[in-house]
Amino acid sequence: MKTLPEVILADAHSRPEGAVLSAKEFLHQGSRSAIDQAFSRLAREGSLLRVGRGIYVAPISGWFGARPPAPGKVVESLALHSGEVIAPHGAAAANALGLTQQVPLREAYVTSGRTRKITLGRSEVLVKHVPNWMLALGTGPAGNAVRALAWMGPRRVRQSISILRRTLPSHEWISLTSCRAGLPSWMAQAIGEEASRGRAIL
């Protein structure tokens, strides 16, 4: 018969990379104090990584030893676990959408939940709370466009919007233009002007 730490570890290794585990998932296996102790022991041994209060992930074994899971996979799993929206930070979104050549120095995300830092080995990933309008279009291209524009700021918004109108898939551009009533005035105005310009060209 497996011990409680063995049960937890077997479950952790059966999940995809970055999948998070919490004590509540194992309450059918023993008392809460016993489960907490098992998680603490596994974390001390390095068999699990503690990424937040009561939240753990399994390291990934590779040719050069164990490594932390990819931050993006951990964040995606955290979003499913907590029910909050977590998306790439505006700086990363702007780079991915071709609005800037600047590459973010550290990995960061924005969330509808609370601000916190996720520890993955020796690195920390910032997950920062932002207003609802930044997440209203979700985590797809149109949502990333909103966050990218917020990061680019009012001075660069018109140039950025012009690029987005040419590069976003048409349905994503329509989603972006349709949500402008909920965006800051400077952003809504620039989107509206670009949408009108596009119709005039047609």
# chains A, B, ... in the order shown; residues from 1 in each chain; ligands from 1
>>> closest_atom_pairs(of="region 62-181 of chain A", to="region 11-18 of chain A", cutoff="8 Å", atoms="only C-alpha atoms", output="CSV")
residue,atom,partner,partner_atom,distance
A:Pro69,CA,A:Gly18,CA,5.2
A:Ala70,CA,A:Gly18,CA,6.6
A:Pro71,CA,A:Gly18,CA,7.5
A:Lys73,CA,A:Gly18,CA,4.9
A:Val74,CA,A:Gly18,CA,4.2
A:Val75,CA,A:Gly18,CA,7.9
A:Ser77,CA,A:Gly18,CA,6.6
>>> residues_around(residues="Ala92 (chain A)", least_positions_apart="2", cutoff="12 Å", atoms="only C-alpha atoms", output="PyMOL selection string")
chain A and resi 72+87-90+94-110+144-145+147-152
>>> atom_distance(atom1="CA of Gly182 (chain A)", atom2="CA of Ala79 (chain A)")
23.4 Å
>>> atom_distance(atom1="CA of Leu78 (chain A)", atom2="CA of Ala10 (chain A)")
19.8 Å
>>> atom_distance(atom1="CA of Ala190 (chain A)", atom2="CA of Ser178 (chain A)")
13.0 Å
>>> select_by_dssp(residues="chain A", states="strand (DSSP E or B)", output="PyMOL selection string")
chain A and resi 21-22+49-52+55-57+60-62+65-67+86-88+108-111+116-120+123-129
>>> residues_around(residues="Gly121 (chain A)", least_positions_apart="6", cutoff="8 Å", atoms="only C-alpha atoms", output="list of chain:residue names")
A:Leu49, A:Arg67, A:Pro68
>>> residues_around(residues="region 35-38 of chain A", least_positions_apart="4", cutoff="7 Å", atoms="only C-alpha atoms", output="list in words")
Leu4, Pro5, Ala23, Gly30, Ser31 and Leu42 of chain A
>>> closest_atom_pairs(of="region 126-155 of chain A", to="region 166-174 of chain A", cutoff="9 Å", atoms="only C-alpha atoms", output="CSV")
residue,atom,partner,partner_atom,distance
A:Gly140,CA,A:Glu172,CA,8.3
A:Pro141,CA,A:Glu172,CA,6.5
A:Ala142,CA,A:Glu172,CA,5.2
A:Gly143,CA,A:Glu172,CA,8.7
A:Ala145,CA,A:Leu168,CA,8.8
>>> write_last_selection(atoms="N, CA, C and O atoms", output="compact mmCIF listing (two decimals), in the first residue's frame")
# COMPACT_ATOMS: atom_id res chain seq x y z
N GLY A 140 -7.22 35.62 -26.15
CA GLY A 140 -6.93 35.49 -27.58
C GLY A 140 -6.28 36.75 -28.15
O GLY A 140 -5.95 37.69 -27.42
N PRO A 141 -6.11 36.80 -29.48
CA PRO A 141 -5.44 37.95 -30.12
C PRO A 141 -6.07 39.30 -29.82
O PRO A 141 -5.35 40.28 -29.59
N ALA A 142 -7.39 39.38 -29.83
CA ALA A 142 -8.03 40.67 -29.56
C ALA A 142 -7.77 41.12 -28.13
O ALA A 142 -7.51 42.30 -27.86
N GLY A 143 -7.84 40.19 -27.19
CA GLY A 143 -7.54 40.51 -25.79
C GLY A 143 -6.09 40.92 -25.62
O GLY A 143 -5.77 41.87 -24.90
N ALA A 145 -4.33 42.29 -27.89
CA ALA A 145 -4.21 43.62 -28.51
C ALA A 145 -4.56 44.72 -27.51
O ALA A 145 -3.88 45.75 -27.44
>>> residues_around(residues="Ser82 (chain A)", least_positions_apart="4", cutoff="12 Å", atoms="only C-alpha atoms", output="list in words")
Val20, Leu21, Ser22, Ile55, Val75, Glu76, Ser77, Leu78, Ile86, Thr111, Ser112, Gly113 and Arg114 of chain A
>>> select_by_dssp(residues="chain A", states="helix (DSSP H, G or I)", output="ChimeraX atom specification")
/A:4-14,23-29,32-45,71-82,90-96,132-134,141-152,154-167,170-178,180-182,185-201
>>> residues_around(residues="Thr115 (chain A)", least_positions_apart="6", cutoff="10 Å", atoms="only C-alpha atoms", output="ChimeraX atom specification")
/A:109,126-130
>>> closest_residue(among="A:Ala188, A:Ser160, A:Glu25, A:Arg50", to="Glu124 (chain A)", atoms="only C-alpha atoms")
A:Arg50
